[in-house]
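> Take a look at run-v3.cif, mmCIF, C-alpha atoms:
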```cif
data_upload
#
loop_
_atom_site.label_atom_id
_atom_site.label_comp_id
_atom_site.auth_asym_id
_atom_site.auth_seq_id
_atom_site.Cartn_x
_atom_site.Cartn_y
_atom_site.Cartn_z
CA MET F 1317 33.09 67.67 7.40
CA PHE F 1318 31.54 67.10 10.84
CA ASN F 1319 28.21 68.40 9.50
CA THR F 1320 28.39 65.74 6.83
CA LEU F 1321 29.03 63.02 9.42
CA ARG F 1322 26.14 64.25 11.58
CA TYR F 1323 23.84 64.02 8.55
CA LEU F 1324 25.00 60.46 7.93
CA ARG F 1325 24.28 59.60 11.55
CA ILE F 1326 20.71 60.88 11.21
CA THR F 1327 19.97 59.05 7.96
CA LYS F 1328 21.52 55.69 8.85
CA VAL F 1329 18.16 54.40 10.20
CA SER F 1330 16.58 54.92 6.80
CA CYS F 1331 19.37 53.90 4.46
CA SER F 1332 17.09 52.08 2.04
CA GLY F 1333 14.99 52.65 -1.06
CA ALA F 1334 14.86 56.35 -1.94
CA ASN F 1335 17.92 57.17 0.21
CA LYS F 1336 20.26 54.87 -1.70
CA ALA F 1337 21.56 57.56 -4.04
CA ARG F 1338 21.80 60.10 -1.21
CA PHE F 1339 23.86 57.69 0.85
CA ALA F 1340 26.28 57.06 -2.00
CA ILE F 1341 26.70 60.81 -2.54
CA LEU F 1342 27.42 61.41 1.16
CA VAL F 1343 30.05 58.69 1.21
CA ALA F 1344 31.68 60.19 -1.89
CA ILE F 1345 31.68 63.66 -0.29
CA SER F 1346 33.30 62.29 2.84
CA CYS F 1347 36.06 60.68 0.78
CA ILE F 1348 36.70 63.92 -1.07
CA CYS F 1349 36.88 65.85 2.21
CA PHE F 1350 39.35 63.34 3.58
CA ILE F 1351 41.62 63.62 0.59
CA ALA F 1352 41.44 67.42 0.65
CA SER F 1353 41.96 67.93 4.38
CA TYR F 1354 43.67 64.72 5.57
CA ARG F 1355 41.21 64.71 8.50
CA TRP F 1356 40.18 61.49 10.20
CA ILE F 1357 36.92 59.82 9.08
CA ASP F 1358 35.23 57.15 11.16
CA TYR F 1359 35.26 54.37 8.57
CA ASP F 1360 33.86 51.85 11.06
CA TYR F 1361 30.80 54.05 11.34
CA LEU F 1362 30.44 54.36 7.55
CA LEU F 1363 30.77 50.61 7.09
CA GLY F 1364 28.26 50.05 9.89
CA CYS F 1365 25.76 52.31 8.19
CA TYR F 1366 26.27 50.47 4.93
CA TYR F 1367 25.75 47.15 6.72
CA VAL F 1368 22.45 48.42 8.12
CA TYR F 1369 21.35 49.39 4.62
CA VAL F 1370 22.28 46.04 3.08
CA ARG F 1371 20.70 44.08 5.92
CA ARG F 1372 17.41 45.97 5.62
CA GLN F 1373 17.35 45.50 1.88
CA ARG F 1374 17.82 41.78 2.34
CA LEU F 1375 15.15 41.58 5.04
CA ASN F 1376 12.66 43.52 2.92
CA SER F 1377 13.15 41.16 -0.01
CA SER F 1378 13.22 37.99 2.09
CA ARG F 1379 9.98 38.24 4.03
CA TYR F 1380 7.94 36.01 1.72
CA VAL F 1381 6.79 32.42 1.36
CA SER F 1382 5.71 31.37 -2.10
CA PHE F 1383 5.07 28.51 -4.53
CA ASP F 1384 7.71 26.73 -6.53
CA ALA F 1385 7.37 27.18 -10.29
CA SER F 1386 6.47 23.50 -10.56
CA VAL F 1387 3.01 24.28 -9.16
CA ALA F 1388 2.10 25.38 -12.69
CA ASP F 1389 3.54 22.29 -14.39
CA GLY F 1390 0.10 20.98 -15.31
CA ARG F 1391 -1.11 20.17 -11.82
CA ARG F 1392 -4.83 20.32 -11.47
CA LEU F 1393 -7.02 21.91 -8.85
CA GLY F 1394 -6.65 19.43 -6.00
CA ASN F 1395 -2.86 19.33 -6.23
CA GLN F 1396 -2.64 23.10 -6.27
CA ILE F 1397 -4.79 23.40 -3.15
CA PHE F 1398 -2.38 21.13 -1.28
CA ASP F 1399 0.45 23.42 -2.39
CA LEU F 1400 -1.50 26.42 -1.10
CA ALA F 1401 -2.00 24.73 2.27
CA ALA F 1402 1.74 24.07 2.57
CA VAL F 1403 2.61 27.69 1.71
CA LEU F 1404 0.19 28.98 4.36
CA TYR F 1405 1.54 26.46 6.87
CA VAL F 1406 5.14 27.63 6.39
CA SER F 1407 3.94 31.24 6.52
CA VAL F 1408 2.45 30.66 9.98
CA LEU F 1409 5.62 28.93 11.19
CA THR F 1410 7.95 31.70 10.03
CA GLY F 1411 5.83 34.85 10.18
CA LYS F 1412 6.63 35.53 6.53
CA THR F 1413 3.98 36.76 4.08
CA PRO F 1414 2.45 34.22 1.65
CA VAL F 1415 2.57 35.61 -1.89
CA LEU F 1416 2.02 34.76 -5.54
CA ASN F 1417 4.67 35.39 -8.16
CA ASN F 1418 3.69 37.71 -10.99
CA ARG F 1419 5.16 35.26 -13.50
CA THR F 1420 2.84 32.40 -12.48
CA HIS F 1421 -0.91 32.06 -12.95
CA LEU F 1422 -2.61 29.28 -11.01
CA LEU F 1423 -5.88 27.49 -11.66
CA LEU F 1424 -6.66 28.33 -8.04
CA GLU F 1425 -7.02 31.98 -9.01
CA ASP F 1426 -9.81 31.16 -11.47
CA VAL F 1427 -11.82 29.29 -8.84
CA PHE F 1428 -11.25 30.93 -5.45
CA GLU F 1429 -11.18 34.45 -4.06
CA LEU F 1430 -7.52 34.29 -3.09
CA SER F 1431 -6.32 37.31 -1.12
CA LEU F 1432 -2.60 36.67 -1.50
CA GLU F 1433 -0.35 39.58 -2.45
CA ARG F 1434 1.43 39.47 -5.81
CA VAL F 1435 5.13 40.32 -6.07
CA GLY F 1436 7.59 40.51 -8.91
CA ASP F 1437 10.48 38.68 -7.27
CA VAL F 1438 10.81 36.85 -3.97
CA CYS F 1439 14.55 36.23 -4.15
CA PRO F 1440 17.00 35.87 -2.49
CA CYS F 1441 15.23 32.67 -1.61
CA TYR F 1442 15.68 29.20 -0.18
CA LYS F 1443 13.79 26.21 -1.62
CA ILE F 1444 12.36 23.55 0.68
CA VAL F 1445 12.08 20.14 -0.97
CA GLU F 1446 10.23 16.99 0.05
CA TYR F 1447 11.02 13.31 -0.30
CA LYS F 1448 7.57 11.71 -0.02
CA HIS F 1449 4.64 13.32 -1.82
CA LEU F 1450 1.76 11.68 0.06
CA SER F 1451 3.12 12.20 3.56
CA PHE F 1452 3.72 14.90 6.15
CA ASP F 1453 7.21 16.28 6.66
CA GLY F 1454 7.50 16.10 10.44
CA ASP F 1455 10.93 17.77 10.44
CA LEU F 1456 9.79 20.85 8.53
CA GLU F 1457 8.81 22.93 11.56
CA ASP F 1458 12.14 22.45 13.36
CA PHE F 1459 13.98 23.07 10.10
CA VAL F 1460 12.44 26.43 9.22
CA VAL F 1461 12.01 27.73 12.77
CA GLY F 1462 15.37 26.63 14.12
CA SER F 1463 17.56 27.98 11.32
CA ARG F 1464 18.74 31.60 11.18
CA LYS F 1465 19.39 31.32 7.44
CA PHE F 1466 15.70 32.04 6.80
CA ASP F 1467 16.07 35.49 8.40
CA TYR F 1468 17.67 36.64 5.17
CA TYR F 1469 15.91 34.51 2.57
CA SER F 1470 12.42 34.09 1.26
CA ILE F 1471 11.15 30.51 1.26
CA ILE F 1472 9.98 28.61 -1.81
CA VAL F 1473 7.86 25.56 -0.97
CA SER F 1474 8.24 22.77 -3.52
CA GLY F 1475 6.72 19.32 -3.78
CA PHE F 1476 3.13 18.06 -3.56
CA ARG F 1477 2.73 18.20 0.26
CA GLN F 1478 -0.35 15.99 0.31
CA SER F 1479 -1.29 15.62 3.95
CA TRP F 1480 -4.17 16.84 6.10
CA LYS F 1481 -1.62 17.69 8.81
CA TYR F 1482 -0.55 20.81 6.92
CA THR F 1483 -4.07 22.16 7.46
CA ARG F 1484 -4.24 21.77 11.25
CA SER F 1485 -2.90 25.14 12.32
CA ILE F 1486 -4.31 27.07 9.36
CA ASP F 1487 -7.84 25.64 9.04
CA ARG F 1488 -9.66 28.96 9.38
CA HIS F 1489 -7.24 30.91 7.20
CA LEU F 1490 -7.25 28.22 4.50
CA ARG F 1491 -11.04 28.10 4.38
CA GLN F 1492 -11.09 31.88 3.93
CA GLN F 1493 -8.73 31.59 0.99
CA LEU F 1494 -10.86 28.78 -0.48
CA THR F 1495 -13.96 30.92 -0.87
CA PHE F 1496 -15.43 30.17 -4.28
CA LYS F 1497 -15.79 33.04 -6.70
CA ARG F 1498 -19.28 34.48 -6.74
CA GLU F 1499 -20.27 33.14 -10.15
CA ILE F 1500 -19.09 29.62 -9.23
CA ARG F 1501 -20.88 29.70 -5.90
CA GLN F 1502 -24.08 30.89 -7.56
CA PHE F 1503 -23.84 28.15 -10.17
CA ALA F 1504 -23.53 25.47 -7.47
CA GLU F 1505 -26.42 26.88 -5.43
CA ASN F 1506 -28.65 27.04 -8.51
CA PHE F 1507 -27.70 23.53 -9.59
CA LEU F 1508 -28.57 22.03 -6.21
CA GLU F 1509 -31.79 24.01 -5.89
CA SER F 1510 -33.01 23.09 -9.36
CA ASN F 1511 -32.29 19.39 -8.82
CA ILE F 1512 -34.30 18.86 -5.67
CA PRO F 1513 -36.87 16.12 -6.44
CA PRO F 1514 -40.30 17.77 -6.84
CA ASP F 1515 -41.94 15.94 -3.93
CA TRP F 1516 -38.95 16.55 -1.61
CA LYS F 1517 -39.13 20.34 -1.55
CA THR F 1518 -41.17 20.46 1.66
CA VAL F 1519 -39.51 17.58 3.53
CA GLY F 1520 -36.10 17.13 5.08
CA PHE F 1521 -33.41 15.13 3.30
CA VAL F 1522 -29.65 14.63 3.35
CA ARG F 1523 -27.47 15.41 0.36
CA VAL F 1524 -24.33 13.31 -0.27
CA GLY F 1525 -21.73 14.23 -2.88
CA VAL F 1526 -20.09 11.37 -4.76
CA HIS F 1527 -16.86 11.77 -6.71
CA ALA F 1528 -15.88 8.90 -8.99
CA ARG F 1529 -12.34 9.41 -10.30
CA ARG F 1530 -11.45 7.12 -13.19
CA GLY F 1531 -10.12 8.65 -16.44
CA ASP F 1532 -6.31 8.66 -16.54
CA ASN F 1533 -6.10 6.40 -13.47
CA THR F 1534 -7.06 3.48 -15.71
CA SER F 1535 -4.13 3.98 -18.10
CA PRO F 1536 -1.50 1.19 -18.12
CA TYR F 1537 1.25 3.54 -16.92
CA ASN F 1538 -0.73 4.83 -13.94
CA VAL F 1539 -1.95 1.36 -13.02
CA LYS F 1540 1.65 0.12 -13.02
CA PHE F 1541 2.73 3.12 -10.93
CA GLY F 1542 0.19 2.25 -8.26
CA TYR F 1543 -3.04 4.11 -9.03
CA THR F 1544 -6.29 2.23 -8.49
CA VAL F 1545 -9.95 2.97 -9.20
CA ALA F 1546 -12.92 2.14 -7.03
CA ASN F 1547 -15.41 -0.31 -8.51
CA GLU F 1548 -19.20 -0.42 -8.27
CA THR F 1549 -19.14 -2.59 -5.14
CA TYR F 1550 -17.38 0.14 -3.20
CA PHE F 1551 -19.87 2.81 -4.22
CA ARG F 1552 -22.87 0.61 -3.37
CA LYS F 1553 -21.45 -0.09 0.09
CA ALA F 1554 -20.65 3.57 0.71
CA MET F 1555 -24.09 4.71 -0.46
CA ARG F 1556 -25.71 2.05 1.72
CA HIS F 1557 -23.95 3.57 4.73
CA PHE F 1558 -26.03 6.72 4.27
CA THR F 1559 -29.31 5.17 3.10
CA ASN F 1560 -29.30 2.95 6.20
CA THR F 1561 -28.80 6.03 8.38
CA TYR F 1562 -31.17 8.58 6.85
CA ASP F 1563 -34.75 8.33 5.57
CA LYS F 1564 -34.22 10.40 2.42
CA VAL F 1565 -30.87 10.77 0.67
CA GLN F 1566 -29.98 12.57 -2.53
CA PHE F 1567 -26.67 11.57 -4.11
CA ILE F 1568 -24.97 14.15 -6.35
CA VAL F 1569 -22.53 12.28 -8.58
CA ALA F 1570 -19.59 13.97 -10.31
CA SER F 1571 -17.11 12.02 -12.42
CA ASP F 1572 -14.74 12.11 -15.38
CA ASP F 1573 -16.40 8.95 -16.76
CA TYR F 1574 -20.02 9.64 -17.68
CA ASN F 1575 -20.90 6.24 -19.15
CA TRP F 1576 -19.48 4.22 -16.26
CA THR F 1577 -21.17 6.24 -13.53
CA LYS F 1578 -24.54 6.26 -15.31
CA GLU F 1579 -24.40 2.49 -15.49
CA TYR F 1580 -23.01 1.57 -12.09
CA ILE F 1581 -23.88 4.35 -9.62
CA ALA F 1582 -27.59 3.96 -9.17
CA SER F 1583 -30.16 3.68 -6.42
CA GLU F 1584 -31.00 0.38 -4.72
CA LYS F 1585 -34.05 1.85 -3.02
CA PRO F 1586 -37.30 3.39 -4.28
CA ALA F 1587 -37.30 6.95 -5.62
CA SER F 1588 -39.31 8.07 -2.60
CA ALA F 1589 -36.26 7.42 -0.39
CA VAL F 1590 -33.22 7.83 -2.67
CA ASN F 1591 -32.45 10.14 -5.55
CA VAL F 1592 -29.33 9.98 -7.73
CA THR F 1593 -28.51 13.14 -9.69
CA HIS F 1594 -25.53 13.21 -12.05
CA CYS F 1595 -23.40 16.33 -12.40
CA PHE F 1596 -21.55 16.44 -15.74
CA ASN F 1597 -20.10 18.82 -18.34
CA HIS F 1598 -19.05 21.48 -15.87
CA THR F 1599 -15.71 23.04 -14.95
CA ALA F 1600 -13.57 21.61 -12.16
CA GLY F 1601 -14.39 24.60 -9.99
CA GLN F 1602 -18.13 24.19 -10.53
CA ASP F 1603 -18.06 20.47 -9.70
CA MET F 1604 -15.98 21.04 -6.57
CA ALA F 1605 -18.34 23.79 -5.41
CA VAL F 1606 -21.36 21.50 -5.90
CA LEU F 1607 -19.75 18.62 -3.97
CA SER F 1608 -18.51 20.91 -1.20
CA MET F 1609 -22.05 22.17 -0.57
CA CYS F 1610 -23.31 18.66 0.13
CA ASP F 1611 -23.78 17.46 3.70
CA HIS F 1612 -21.44 14.48 3.30
CA VAL F 1613 -19.06 13.11 0.65
CA ILE F 1614 -18.11 9.75 -0.81
CA MET F 1615 -14.75 10.05 -2.55
CA SER F 1616 -12.92 7.48 -4.61
CA THR F 1617 -9.27 8.43 -5.20
CA GLY F 1618 -7.34 11.60 -5.95
CA THR F 1619 -6.99 15.06 -4.51
CA PHE F 1620 -10.07 16.60 -6.14
CA GLY F 1621 -12.50 14.48 -4.13
CA TRP F 1622 -10.27 14.89 -1.07
CA TRP F 1623 -10.68 18.67 -1.06
CA ALA F 1624 -14.39 18.52 -1.88
CA ALA F 1625 -14.79 16.38 1.24
CA TRP F 1626 -12.59 18.64 3.38
CA LEU F 1627 -14.61 21.69 2.36
CA ALA F 1628 -17.93 19.94 3.03
CA LYS F 1629 -16.97 19.22 6.67
CA GLY F 1630 -19.41 16.30 6.99
CA THR F 1631 -18.96 12.54 7.09
CA THR F 1632 -16.41 11.35 4.51
CA ILE F 1633 -16.00 7.83 3.19
CA TYR F 1634 -12.85 7.13 1.17
CA TYR F 1635 -11.62 4.23 -0.94
CA ARG F 1636 -9.33 2.13 1.24
CA ASP F 1637 -7.56 0.21 -1.54
CA TRP F 1638 -5.54 3.14 -2.88
CA PRO F 1639 -2.69 3.25 -3.69
CA ARG F 1640 -1.73 -0.30 -4.64
CA LYS F 1641 0.63 -1.82 -2.10
CA ASP F 1642 4.27 -2.39 -3.04
CA SER F 1643 4.02 0.11 -5.88
CA PRO F 1644 6.17 3.20 -6.57
CA LEU F 1645 3.23 5.40 -5.53
CA PHE F 1646 2.80 3.49 -2.28
CA ASP F 1647 6.41 4.31 -1.38
CA HIS F 1648 5.34 7.97 -1.05
CA PHE F 1649 2.22 7.19 0.95
CA ASN F 1650 1.50 7.36 4.68
CA ARG F 1651 -2.19 6.65 5.39
CA ASP F 1652 -2.20 8.45 8.74
CA ASP F 1653 -0.73 11.55 7.08
CA PHE F 1654 -2.88 11.56 3.96
CA PHE F 1655 -6.36 10.88 5.36
CA PRO F 1656 -7.82 12.70 8.38
CA PRO F 1657 -8.45 10.26 11.25
CA THR F 1658 -12.20 10.97 11.32
CA TRP F 1659 -12.73 9.86 7.72
CA ILE F 1660 -14.11 6.36 7.15
CA PRO F 1661 -12.12 3.83 5.05
CA MET F 1662 -14.08 1.35 2.97
CA GLY F 1663 -13.00 -1.26 0.43
CA ASP F 1664 -14.62 -3.10 -2.46
#
```
Could you render the structure as structure tokens?


Amino acid sequence: MFNTLRYLRITKVSCSGANKARFAILVAISCICFIASYRWIDYDYLLGCYYVYVRRQRLNSSRYVSFDASVADGRRLGNQIFDLAAVLYVSVLTGKTPVLNNRTHLLLEDVFELSLERVGDVCPCYKIVEYKHLSFDGDLEDFVVGSRKFDYYSIIVSGFRQSWKYTRSIDRHLRQQLTFKREIRQFAENFLESNIPPDWKTVGFVRVGVHARRGDNTSPYNVKFGYTVANETYFRKAMRHFTNTYDKVQFIVASDDYNWTKEYIASEKPASAVNVTHCFNHTAGQDMAVLSMCDHVIMSTGTFGWWAAWLAKGTTIYYRDWPRKDSPLFDHFNRDDFFPPTWIPMGD
């Protein structure tokens, strides 16, 4: 009997995983010995050992931070990158491991060399919700760091989390995760190299990416909700900012509206000083890679152009008149949270 208890005392530090069956057998043997001999068994010790086992099982299965299932509800590339930033942000706050769920495939995985671990189940888990999609949750850090409940639960990050402030403490780690896949990176490099104007190959010039988001933002529902689109006046002013600063500028224009951009985004200066090259009929990942490799970026609206600009790390001009004031979308919006303070606002 005492030999059995000594063996339990030795194995209590590893009462998990492969030792689960052995532990159950030892407890059963102890009970049988008690019934047979009426000797005293230290039940407090046995219960303590069981508590250690249960606690370690819970800790092992609650050391993750992951995406809510809604991340795969049709959200496109820019939205998913914001979700990734929020997951990495909470991971840094809590020390938990950021992971992907085996049941979910993200567009991110087709574009970037993500190095996140995959797991089958992150539960038991606790979901963190948000109340404003285009703002920073300033209470999140105190909430997840100051609560002991997260010691025993994984964390699921839900919402859109669209704010540059989630990137502040994870800038380097996030940029590592957002390394384009080799074939996408090679496509972008080849596209830019092959579109250098012939007489510019031996002279210096500045390359500016332009993203013109229109498409579904012009639908009646989205207009009513608060979405706006930048017009040609905005793009001319933004382009003029660069042509007045640099001697030679090449604009690389990507858009979901080919006809509109071909008509309205054009050069005001001679071809010897300004070149406009349109980038169409590519995947979202290819277009983002091309824009991110430019020196500077002019964005209109939306998260796709936002992340292209963030990745480029140059001067960024954004459309100031988005979203429409006093609209449902504007209720979610905080300008200081959404746009980095170094980016330049410009209107029509």

> Measure the distance from atom CA of F:Thr1631 to atom CA of F:Val1524 in Å and round it to one decimal.

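About the pair atom CA of F:Thr1631 and atom CA of F:Val1524: they are 9.1 Å apart.
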
> F:Val1592, F:Leu1494, F:Ala1528, F:Val1460: which is nearest F:Thr1577, counting only C-alpha atoms?

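The closest residue to F:Thr1577 is F:Ala1528.
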
> Residues within 10 Å of (-6.7, 0.8, -6.2), file coordinates, counting only C-alpha atoms: what are they? Give the list as a PyMOL selection string.

chain F and resi 1533-1534+1539+1542-1547+1616-1617+1635-1641+1663-1664

> So which residues get picked by the PyMOL selection byres ((chain F and resi 1405-1416) around 6) here, written as a list of chain:residue names?

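Checking the PyMOL selection byres ((chain F and resi 1405-1416) around 6) against this file, the residues are F:Arg1379, F:Tyr1380, F:Val1381, F:Ser1382, F:Ala1402, F:Val1403, F:Leu1404, F:Asn1417, F:Leu1432, F:Glu1433, F:Arg1434.
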
> What does the PyMOL selection byres ((chain F and resi 1504) around 12) select in this file, as a ChimeraX atom specification?

/F:1496-1503,1505-1511,1568,1595,1598-1610

> To test your reading of the syntax: which residues would the PyMOL selection byres ((chain F and resi 1621) around 12) return for the file shown? Reply as JSON, numbers by chain.

{"F": [1393, 1394, 1395, 1397, 1525, 1526, 1527, 1528, 1529, 1530, 1569, 1570, 1571, 1572, 1600, 1601, 1603, 1604, 1605, 1606, 1607, 1608, 1612, 1613, 1614, 1615, 1616, 1617, 1618, 1619, 1620, 1622, 1623, 1624, 1625, 1626, 1627, 1628, 1632, 1633, 1634, 1635, 1655]}

> Mind pulling up the distance from atom CA of F:Phe1476 to atom CA of F:Phe1649?

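Atom CA of F:Phe1649 sits 11.8 Å away from atom CA of F:Phe1476.
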
> Counting only C-alpha atoms, figure out which residue out of F:Ser1474, F:Thr1593, F:Ser1643, F:Ser1431 gets nearest to F:Gln1493.

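For F:Gln1493, the nearest of the given residues is F:Ser1431.
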
> Please return as a list in words every residue within 9 Å of (-28.1, 12.5, 5.7), taking into account all atoms listed in the file and the file's own coordinates.

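Those residues, ordered by chain and then number, are Phe1521, Val1522, Arg1523, Val1524, Phe1558, Thr1559, Thr1561, Tyr1562, Asp1563, Lys1564, Val1565, Gln1566, Asp1611 and His1612 of chain F.
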
> For F:Arg1419, which residue among F:Asp1653, F:Asp1399, F:Asp1384, F:Asp1455 is the nearest when counting all atoms listed in the file?

F:Asp1384

> Atom CA of F:Leu1422 and atom CA of F:Arg1391, how far apart in Å?

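About the pair atom CA of F:Arg1391 and atom CA of F:Leu1422: they are 9.3 Å apart.
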
> Nearest to F:Arg1556: which of F:Met1662, F:Ile1486, F:Pro1536, F:Val1445 is it, counting only C-alpha atoms?

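Closest to F:Arg1556, using only C-alpha atoms: F:Met1662.
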
> Counting only C-alpha atoms, which of F:Ile1471, F:Tyr1482, F:Lys1448, F:His1594 gets nearest to F:Glu1579?

F:His1594

> Nearest residue to F:Ser1451 out of F:Ser1386, F:Asn1650, F:Thr1658, F:Ser1583, using all atoms listed in the file?

F:Asn1650
